[in-house]
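J.: Below is the file coords-v9.pdb, which contains PDB, C-alpha atoms.
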```
ATOM      1  CA  MET A 244      93.985  86.626  94.158
ATOM      2  CA  MET A 245      96.510  87.714  96.751
ATOM      3  CA  MET A 246      96.571  85.981 100.139
ATOM      4  CA  THR A 247      96.199  88.512 102.904
ATOM      5  CA  LYS A 248      98.231  88.585 106.122
ATOM      6  CA  THR A 249      96.930  90.084 109.352
ATOM      7  CA  ILE A 250      99.140  93.076 110.074
ATOM      8  CA  ASP A 251     100.104  94.124 113.583
ATOM      9  CA  SER A 252      99.946  97.915 113.210
ATOM     10  CA  TYR A 253     101.822  98.394 116.455
ATOM     11  CA  ARG A 254     104.646  95.910 116.234
ATOM     12  CA  PHE A 255     107.390  98.504 115.891
ATOM     13  CA  LEU A 256     105.867 101.185 118.099
ATOM     14  CA  ASP A 257     106.473 101.939 121.756
ATOM     15  CA  GLY A 258     103.603 101.539 124.200
ATOM     16  CA  LEU A 259     102.615 105.212 124.419
ATOM     17  CA  THR A 260     102.604 105.844 120.680
ATOM     18  CA  ALA A 261     100.638 102.644 120.144
ATOM     19  CA  ARG A 262      98.011 103.727 122.690
ATOM     20  CA  VAL A 263      97.715 107.156 121.102
ATOM     21  CA  LEU A 264      97.287 105.774 117.604
ATOM     22  CA  ARG A 265      94.798 103.126 118.771
ATOM     23  CA  ASN A 266      92.777 105.916 120.322
ATOM     24  CA  TRP A 267      92.892 108.000 117.182
ATOM     25  CA  ALA A 268      91.750 105.031 115.108
ATOM     26  CA  ALA A 269      88.899 104.287 117.520
ATOM     27  CA  ARG A 270      87.679 107.886 117.477
ATOM     28  CA  GLU A 271      87.312 108.235 113.726
ATOM     29  CA  PRO A 272      83.690 108.465 112.663
ATOM     30  CA  LYS A 273      82.467 106.117 109.970
ATOM     31  CA  ARG A 274      82.460 107.839 106.601
ATOM     32  CA  GLN A 275      81.214 107.205 103.103
ATOM     33  CA  ILE A 276      84.180 105.956 101.060
ATOM     34  CA  PRO A 277      84.880 107.669  97.729
ATOM     35  CA  TRP A 278      85.545 105.331  94.833
ATOM     36  CA  THR A 279      87.091 105.604  91.392
ATOM     37  CA  PRO A 280      87.028 102.190  89.729
ATOM     38  CA  PHE A 281      90.275 101.053  88.275
ATOM     39  CA  SER A 282      89.430 101.299  84.613
ATOM     40  CA  LYS A 283      92.445 100.531  82.466
ATOM     41  CA  PRO A 284      95.292  98.024  82.610
ATOM     42  CA  LEU A 285      98.160  99.012  84.892
ATOM     43  CA  SER A 286     100.424  98.821  81.842
ATOM     44  CA  GLU A 287      98.606 101.860  80.465
ATOM     45  CA  CYS A 288      98.478 103.864  83.676
ATOM     46  CA  THR A 289     100.414 106.929  84.748
ATOM     47  CA  VAL A 290     101.388 106.444  88.394
ATOM     48  CA  ALA A 291     102.341 109.055  91.002
ATOM     49  CA  LEU A 292     103.664 108.796  94.576
ATOM     50  CA  ILE A 293     102.685 110.849  97.605
ATOM     51  CA  SER A 294     104.699 110.711 100.829
ATOM     52  CA  SER A 295     103.888 112.101 104.270
ATOM     53  CA  ALA A 296     107.587 112.264 105.203
ATOM     54  CA  ALA A 297     107.922 115.978 104.334
ATOM     55  CA  ILE A 298     110.456 115.428 101.560
ATOM     56  CA  ALA A 299     111.601 118.556  99.714
ATOM     57  CA  LEU A 300     114.204 119.265  97.054
ATOM     58  CA  LYS A 301     117.296 120.895  98.546
ATOM     59  CA  SER A 302     116.763 123.671  95.994
ATOM     60  CA  ASP A 303     113.237 124.230  97.311
ATOM     61  CA  ALA A 304     112.081 126.034 100.480
ATOM     62  CA  PRO A 305     112.429 123.779 103.520
ATOM     63  CA  PHE A 306     109.375 122.712 105.500
ATOM     64  CA  ASP A 307     109.117 125.167 108.389
ATOM     65  CA  LEU A 308     109.903 123.125 111.481
ATOM     66  CA  GLU A 309     109.552 126.126 113.782
ATOM     67  CA  ILE A 310     105.788 125.855 113.346
ATOM     68  CA  GLU A 311     105.782 122.465 115.075
ATOM     69  CA  ARG A 312     108.456 123.482 117.570
ATOM     70  CA  ARG A 313     106.405 126.500 118.650
ATOM     71  CA  ASN A 314     103.081 124.657 118.581
ATOM     72  CA  PRO A 315     103.601 120.900 118.941
ATOM     73  CA  TRP A 316      99.974 120.128 118.003
ATOM     74  CA  ILE A 317     100.351 121.293 114.401
ATOM     75  CA  SER A 318     102.948 121.504 111.647
ATOM     76  CA  ASP A 319     103.740 123.147 108.336
ATOM     77  CA  PRO A 320     100.646 122.486 106.177
ATOM     78  CA  SER A 321     102.356 123.056 102.829
ATOM     79  CA  TYR A 322     103.443 120.494 100.249
ATOM     80  CA  ARG A 323     106.373 120.093  97.890
ATOM     81  CA  ILE A 324     106.699 118.806  94.356
ATOM     82  CA  LEU A 325     109.330 116.186  93.564
ATOM     83  CA  PRO A 326     110.364 115.428  89.979
ATOM     84  CA  ARG A 327     110.449 111.765  88.929
ATOM     85  CA  THR A 328     114.243 111.928  88.828
ATOM     86  CA  ALA A 329     114.682 112.963  92.484
ATOM     87  CA  THR A 330     117.128 110.872  94.513
ATOM     88  CA  GLU A 331     118.394 110.988  98.082
ATOM     89  CA  ALA A 332     121.151 113.360  96.924
ATOM     90  CA  ASP A 333     118.601 115.944  95.755
ATOM     91  CA  VAL A 334     116.328 116.099  98.787
ATOM     92  CA  ASN A 335     116.054 116.716 102.505
ATOM     93  CA  ILE A 336     113.547 114.946 104.744
ATOM     94  CA  TYR A 337     111.921 117.080 107.404
ATOM     95  CA  HIS A 338     109.551 114.802 109.380
ATOM     96  CA  LEU A 339     110.392 115.110 113.091
ATOM     97  CA  HIS A 340     108.957 111.757 114.223
ATOM     98  CA  ILE A 341     110.958 109.337 112.104
ATOM     99  CA  ASP A 342     114.593 108.442 111.683
ATOM    100  CA  HIS A 343     115.698 109.918 108.337
ATOM    101  CA  LYS A 344     118.948 108.083 107.958
ATOM    102  CA  PHE A 345     117.504 105.183 105.975
ATOM    103  CA  ALA A 346     115.841 107.387 103.373
ATOM    104  CA  GLU A 347     118.932 109.580 103.276
ATOM    105  CA  GLN A 348     120.927 106.529 102.233
ATOM    106  CA  ASP A 349     118.277 105.345  99.805
ATOM    107  CA  LEU A 350     115.172 107.418  99.117
ATOM    108  CA  ASP A 351     113.416 104.385  97.658
ATOM    109  CA  CYS A 352     112.848 102.923 101.105
ATOM    110  CA  ILE A 353     110.107 105.494 101.603
ATOM    111  CA  PHE A 354     109.662 107.016  98.126
ATOM    112  CA  PRO A 355     110.351 104.363  95.478
ATOM    113  CA  LEU A 356     110.796 106.499  92.358
ATOM    114  CA  ARG A 357     113.543 104.275  90.985
ATOM    115  CA  ARG A 358     111.358 101.210  91.410
ATOM    116  CA  LEU A 359     108.567 102.936  89.512
ATOM    117  CA  ALA A 360     111.005 103.868  86.738
ATOM    118  CA  GLU A 361     112.007 100.207  86.478
ATOM    119  CA  LEU A 362     108.347  99.184  86.246
ATOM    120  CA  GLU A 363     107.901 101.719  83.453
ATOM    121  CA  THR A 364     110.889 100.286  81.579
ATOM    122  CA  SER A 365     109.550  96.750  81.959
ATOM    123  CA  GLY A 366     106.116  97.881  80.792
ATOM    124  CA  GLU A 367     104.337  96.838  83.989
ATOM    125  CA  ILE A 368     103.143 100.399  84.401
ATOM    126  CA  GLY A 369     102.445 102.868  81.599
ATOM    127  CA  HIS A 370     104.317 105.921  82.840
ATOM    128  CA  VAL A 371     105.897 107.378  85.916
ATOM    129  CA  ALA A 372     104.237 110.760  86.426
ATOM    130  CA  PRO A 373     106.576 113.728  85.871
ATOM    131  CA  HIS A 374     105.690 115.091  89.343
ATOM    132  CA  HIS A 375     105.218 113.554  92.789
ATOM    133  CA  TYR A 376     104.271 115.103  96.108
ATOM    134  CA  SER A 377     105.163 115.206  99.775
ATOM    135  CA  TYR A 378     103.665 116.849 102.858
ATOM    136  CA  MET A 379     104.187 116.732 106.626
ATOM    137  CA  GLY A 380     102.138 113.807 107.932
ATOM    138  CA  TYR A 381     102.177 114.610 111.658
ATOM    139  CA  THR A 382      99.491 117.080 112.712
ATOM    140  CA  CYS A 383      96.484 117.181 115.003
ATOM    141  CA  ASP A 384      94.874 119.639 112.583
ATOM    142  CA  ALA A 385      94.336 117.634 109.418
ATOM    143  CA  GLY A 386      91.775 120.168 108.193
ATOM    144  CA  ARG A 387      94.398 122.861 107.807
ATOM    145  CA  LEU A 388      96.730 120.519 105.928
ATOM    146  CA  LEU A 389      94.012 119.509 103.494
ATOM    147  CA  GLU A 390      92.929 123.089 102.963
ATOM    148  CA  GLN A 391      96.444 124.295 102.188
ATOM    149  CA  SER A 392      97.820 121.403 100.195
ATOM    150  CA  LEU A 393      95.059 119.389  98.615
ATOM    151  CA  PRO A 394      93.986 121.768  95.813
ATOM    152  CA  GLY A 395      97.538 122.158  94.517
ATOM    153  CA  ILE A 396      98.264 118.446  94.675
ATOM    154  CA  ILE A 397      95.046 117.518  92.894
ATOM    155  CA  GLN A 398      95.662 120.110  90.206
ATOM    156  CA  GLY A 399      99.196 118.829  89.650
ATOM    157  CA  LEU A 400      98.032 115.214  89.414
ATOM    158  CA  GLN A 401      95.333 116.165  86.920
ATOM    159  CA  GLU A 402      97.734 118.197  84.797
ATOM    160  CA  ASP A 403      99.983 115.137  84.562
ATOM    161  CA  ALA A 404      96.949 112.964  83.680
ATOM    162  CA  VAL A 405      97.717 110.635  86.592
ATOM    163  CA  ASP A 406      95.549 107.498  86.704
ATOM    164  CA  ALA A 407      96.748 105.883  89.912
ATOM    165  CA  VAL A 408      98.298 107.224  93.094
ATOM    166  CA  LEU A 409     100.347 105.238  95.599
ATOM    167  CA  LEU A 410     100.348 107.023  98.959
ATOM    168  CA  ILE A 411     103.039 106.001 101.395
ATOM    169  CA  PRO A 412     102.656 107.330 104.924
ATOM    170  CA  VAL A 413     105.712 106.888 107.121
TER
ATOM    171  CA  MET B 104      94.076 113.182 101.533
ATOM    172  CA  GLN B 105      93.721 109.836  99.794
ATOM    173  CA  ARG B 106      89.924 110.121  99.943
ATOM    174  CA  GLU B 107      89.878 113.506  98.260
ATOM    175  CA  ILE B 108      92.225 112.406  95.488
ATOM    176  CA  GLU B 109      89.998 109.393  94.849
ATOM    177  CA  ALA B 110      86.963 111.678  94.782
ATOM    178  CA  ALA B 111      88.770 113.782  92.157
ATOM    179  CA  GLY B 112      88.819 110.796  89.786
ATOM    180  CA  MET B 113      92.056 108.897  90.387
ATOM    181  CA  ALA B 114      92.378 105.351  91.754
ATOM    182  CA  THR B 115      94.406 105.412  94.962
ATOM    183  CA  ILE B 116      95.966 103.005  97.415
ATOM    184  CA  SER B 117      97.887 103.546 100.641
ATOM    185  CA  LEU B 118     100.848 101.342 101.500
ATOM    186  CA  ALA B 119     100.519 101.707 105.244
ATOM    187  CA  ASN B 120     102.442 100.359 108.209
ATOM    188  CA  ILE B 121      99.728 101.455 110.633
ATOM    189  CA  PRO B 122      96.848 100.065 108.601
ATOM    190  CA  GLU B 123      94.425 100.174 111.535
ATOM    191  CA  LEU B 124      94.670 103.965 111.669
ATOM    192  CA  THR B 125      94.646 104.415 107.890
ATOM    193  CA  ALA B 126      91.601 102.153 107.561
ATOM    194  CA  SER B 127      89.760 104.071 110.289
ATOM    195  CA  VAL B 128      89.570 107.230 108.193
ATOM    196  CA  GLY B 129      87.770 105.359 105.394
ATOM    197  CA  VAL B 130      90.284 105.055 102.563
ATOM    198  CA  PRO B 131      89.246 103.426  99.285
ATOM    199  CA  ARG B 132      92.117 100.885  99.142
ATOM    200  CA  LEU B 133      94.774  99.865 101.613
ATOM    201  CA  ALA B 134      97.796  97.578 101.468
ATOM    202  CA  GLY B 135      99.070  96.985 104.995
ATOM    203  CA  ILE B 136     102.713  96.130 105.620
ATOM    204  CA  GLU B 137     104.404  95.146 108.880
ATOM    205  CA  TYR B 138     107.528  97.264 108.354
ATOM    206  CA  PRO B 139     109.004  99.912 110.681
ATOM    207  CA  PHE B 140     108.692 103.679 110.351
ATOM    208  CA  GLY B 141     111.073 105.303 107.948
ATOM    209  CA  ARG B 142     111.437 102.109 105.897
ATOM    210  CA  THR B 143     107.901 101.415 104.757
ATOM    211  CA  VAL B 144     109.029 100.085 101.368
ATOM    212  CA  GLY B 145     112.064  98.184 102.603
ATOM    213  CA  MET B 146     115.687  98.360 103.635
ATOM    214  CA  PRO B 147     118.068 100.874 102.098
ATOM    215  CA  GLY B 148     119.862  99.289  99.167
ATOM    216  CA  ASP B 149     117.488  96.324  98.911
ATOM    217  CA  ALA B 150     116.137  97.093  95.438
ATOM    218  CA  GLN B 151     114.738  93.597  94.999
ATOM    219  CA  GLY B 152     112.869  93.681  98.309
ATOM    220  CA  GLN B 153     111.529  97.157  97.622
ATOM    221  CA  MET B 154     110.391  96.120  94.158
ATOM    222  CA  ALA B 155     108.486  93.142  95.591
ATOM    223  CA  VAL B 156     106.639  95.502  97.936
ATOM    224  CA  VAL B 157     105.818  98.044  95.229
ATOM    225  CA  ARG B 158     104.619  95.311  92.861
ATOM    226  CA  LEU B 159     102.268  93.836  95.464
ATOM    227  CA  ALA B 160     100.952  97.260  96.461
ATOM    228  CA  LEU B 161     100.092  97.961  92.820
ATOM    229  CA  GLN B 162      98.623  94.483  92.447
ATOM    230  CA  ALA B 163      96.361  95.229  95.423
ATOM    231  CA  LEU B 164      95.335  98.464  93.716
ATOM    232  CA  VAL B 165      94.259  96.476  90.673
ATOM    233  CA  GLU B 166      92.568  93.657  92.592
ATOM    234  CA  ILE B 167      90.588  95.491  95.278
ATOM    235  CA  GLU B 168      87.076  95.700  93.926
ATOM    236  CA  HIS B 169      85.141  97.344  96.726
ATOM    237  CA  PRO B 170      85.602 100.646  98.552
ATOM    238  CA  GLY B 171      87.439 100.093 101.812
ATOM    239  CA  GLY B 172      89.223  96.958 100.609
ATOM    240  CA  VAL B 173      92.305  95.973 102.605
ATOM    241  CA  ARG B 174      95.131  93.589 101.807
ATOM    242  CA  GLY B 175      97.848  92.584 104.265
ATOM    243  CA  LEU B 176     101.105  92.189 102.369
ATOM    244  CA  PRO B 177     102.994  88.996 103.264
ATOM    245  CA  PHE B 178     106.379  90.541 104.034
ATOM    246  CA  GLU B 179     108.259  89.975 107.277
ATOM    247  CA  TRP B 180     110.791  92.455 108.559
ATOM    248  CA  PRO B 181     114.019  90.618 109.339
ATOM    249  CA  GLU B 182     114.845  92.525 112.545
ATOM    250  CA  SER B 183     113.114  92.357 115.933
ATOM    251  CA  PRO B 184     111.300  95.547 116.986
ATOM    252  CA  LYS B 185     114.145  96.251 119.396
ATOM    253  CA  GLU B 186     116.754  95.916 116.639
ATOM    254  CA  ALA B 187     114.640  97.889 114.186
ATOM    255  CA  ASN B 188     114.127 100.934 116.384
ATOM    256  CA  ALA B 189     116.771 103.285 117.629
ATOM    257  CA  PRO B 190     115.662 106.275 119.730
ATOM    258  CA  LEU B 191     115.409 109.496 117.754
ATOM    259  CA  GLU B 192     118.115 112.125 118.267
ATOM    260  CA  GLU B 193     115.499 114.757 119.035
ATOM    261  CA  LEU B 194     112.303 113.694 120.766
ATOM    262  CA  PRO B 195     109.340 114.986 118.721
ATOM    263  CA  PRO B 196     108.064 118.354 120.023
ATOM    264  CA  ILE B 197     104.717 116.941 121.145
ATOM    265  CA  PHE B 198     106.391 114.384 123.417
ATOM    266  CA  GLN B 199     108.754 117.015 124.813
ATOM    267  CA  TYR B 200     105.700 119.145 125.559
ATOM    268  CA  LEU B 201     103.627 116.335 127.088
ATOM    269  CA  ARG B 202     106.438 115.367 129.449
ATOM    270  CA  LYS B 203     106.114 118.804 131.025
ATOM    271  CA  HIS B 204     102.323 119.018 130.750
ATOM    272  CA  ILE B 205     100.997 115.642 131.793
ATOM    273  CA  THR B 206      97.435 116.980 132.062
ATOM    274  CA  LYS B 207      97.458 117.469 128.297
ATOM    275  CA  VAL B 208      98.096 113.818 127.529
ATOM    276  CA  ARG B 209      94.363 113.286 127.445
ATOM    277  CA  ASN B 210      94.020 115.987 124.784
ATOM    278  CA  PHE B 211      96.608 114.213 122.714
ATOM    279  CA  MET B 212      94.895 110.839 123.137
ATOM    280  CA  ASN B 213      91.752 112.460 121.780
ATOM    281  CA  ARG B 214      93.584 114.460 119.107
ATOM    282  CA  ASP B 215      91.937 117.464 120.694
ATOM    283  CA  ILE B 216      94.076 120.573 120.408
ATOM    284  CA  PRO B 217      94.001 122.634 123.640
ATOM    285  CA  GLU B 218      92.320 126.015 123.249
ATOM    286  CA  GLU B 219      95.517 128.029 123.585
ATOM    287  CA  PHE B 220      97.111 126.161 120.685
ATOM    288  CA  ARG B 221      94.226 126.349 118.253
ATOM    289  CA  VAL B 222      94.939 128.168 115.020
ATOM    290  CA  SER B 223      92.045 129.909 113.312
TER
END
```
I'd like the structure from this file rewritten - as structure tokens, please.
T.:
Amino acid sequence: MMMTKTIDSYRFLDGLTARVLRNWAAREPKRQIPWTPFSKPLSECTVALISSAAIALKSDAPFDLEIERRNPWISDPSYRILPRTATEADVNIYHLHIDHKFAEQDLDCIFPLRRLAELETSGEIGHVAPHHYSYMGYTCDAGRLLEQSLPGIIQGLQEDAVDAVLLIPV
Amino acid sequence: MQREIEAAGMATISLANIPELTASVGVPRLAGIEYPFGRTVGMPGDAQGQMAVVRLALQALVEIEHPGGVRGLPFEWPESPKEANAPLEELPPIFQYLRKHITKVRNFMNRDIPEEFRVS
């Protein structure tokens, strides 16, 4: 069983951002937690990644940043599909609240597709899903994001028979 | 988003660097990591470090047995917060806006979109 470390959520954040996020956390109502038991060995599972960094293939439509620039409370609620072979050379990163330069050098620091491929080769996971997903994580209107993007993402995951999803917010 | 995907029949875990916020929305599984924004999995080029993080996140996925389970991953970022953070080239739109509209800071603290900005 893994030892667990107490994480300081705010270590790398400035005072204002930390206060805002603390407030947001405190305001969330308690909810019933959905649960799908983990039913087969990881070595038989198809695994997919989802990133909130608004990653899109260069060949795909960009995330529309004018939405957030015109109305700073919201953002583009759409999502993009990334093939398992996508690297930093194939994509742009559109999130306006993070420094992109690290992921632009090496996409795996936020979207570890190569690491998953290595785990597939070693047999630690069954398969890397053919398709992965990204959306714009910053918004004060989560409802709109879920409405616009969730059905498509869920359908895609089901079509690829994905068993396990690793979500990586930025 | 994680909750809905779980409800649709897939096991999910978030690898989160603000685990307090992620946990507050009621996610099924959470692996917290004390790494800076934009490098949640590790440093560019550090394949070994990134792999260690991914492996432990997936191990947490396998081991967490109850809804809402949280694991804090044992990794330590090698830089101080000051070294790790450089100011962004463009200040995010919301902070540009709030600088000029201080009365709206309270709205932002409460994640409460002002009437004039609400989208139907």
J.: List as a PyMOL selection string the residues having at least one atom at most 10 Å from position (109.7, 123.9, 108.5) as given in the file, counting all atoms listed in the file.
T.: chain A and resi 297+304-312+318-321+337-339+379
J.: Output C-alpha atoms for every residue in the selection just made, as a PDB file, keeping the file's coordinate frame.
T.:
```pdb
ATOM      1  CA  ALA A 297     107.922 115.978 104.334  1.00  0.00           C
ATOM      2  CA  ALA A 304     112.081 126.034 100.480  1.00  0.00           C
ATOM      3  CA  PRO A 305     112.429 123.779 103.520  1.00  0.00           C
ATOM      4  CA  PHE A 306     109.375 122.712 105.500  1.00  0.00           C
ATOM      5  CA  ASP A 307     109.117 125.167 108.389  1.00  0.00           C
ATOM      6  CA  LEU A 308     109.903 123.125 111.481  1.00  0.00           C
ATOM      7  CA  GLU A 309     109.552 126.126 113.782  1.00  0.00           C
ATOM      8  CA  ILE A 310     105.788 125.855 113.346  1.00  0.00           C
ATOM      9  CA  GLU A 311     105.782 122.465 115.075  1.00  0.00           C
ATOM     10  CA  ARG A 312     108.456 123.482 117.570  1.00  0.00           C
ATOM     11  CA  SER A 318     102.948 121.504 111.647  1.00  0.00           C
ATOM     12  CA  ASP A 319     103.740 123.147 108.336  1.00  0.00           C
ATOM     13  CA  PRO A 320     100.646 122.486 106.177  1.00  0.00           C
ATOM     14  CA  SER A 321     102.356 123.056 102.829  1.00  0.00           C
ATOM     15  CA  TYR A 337     111.921 117.080 107.404  1.00  0.00           C
ATOM     16  CA  HIS A 338     109.551 114.802 109.380  1.00  0.00           C
ATOM     17  CA  LEU A 339     110.392 115.110 113.091  1.00  0.00           C
ATOM     18  CA  MET A 379     104.187 116.732 106.626  1.00  0.00           C
TER      19      MET A 379
END
```
J.: Could you please select, counting all atoms listed in the file, the residues of chain A within 7 Å of chain B and state them as a PyMOL selection string?
T.: chain A and resi 247-255+263-264+266-268+271+274+276-281+311-312+314-316+339-343+345-346+348-349+352-353+358+383+389+393+397+406-413
J.: Looking at all atoms listed in the file, which of A:Ala269, A:Leu300, A:Ile368, A:Ala385 is the one that sits closest to Pro326 (chain A)?
T.: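 Checking each candidate against Pro326 (chain A), we get A:Leu300 as the closest.
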J.: Between CA of Ser286 (chain A) and CA of Val371 (chain A), what distance in Å does the model show, to one decimal?
T.: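 The value is 10.9 Å.
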J.: Within 6 Å of (114.4, 115.1, 102.5), in the coordinates the file gives, what residues turn up when you count all atoms listed in the file, written out as a count of residues only?
T.: 6
J.: In Å, with one decimal, what is the gap from CA of Ser295 (chain A) to CA of Ser377 (chain A)?
T.: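 Between these atoms lies a distance of 5.6 Å.
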J.: In Å, with one decimal, what is the gap from CA of Leu325 (chain A) to CA of Ser282 (chain A)?
T.: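 These atoms are spaced 26.4 Å apart.
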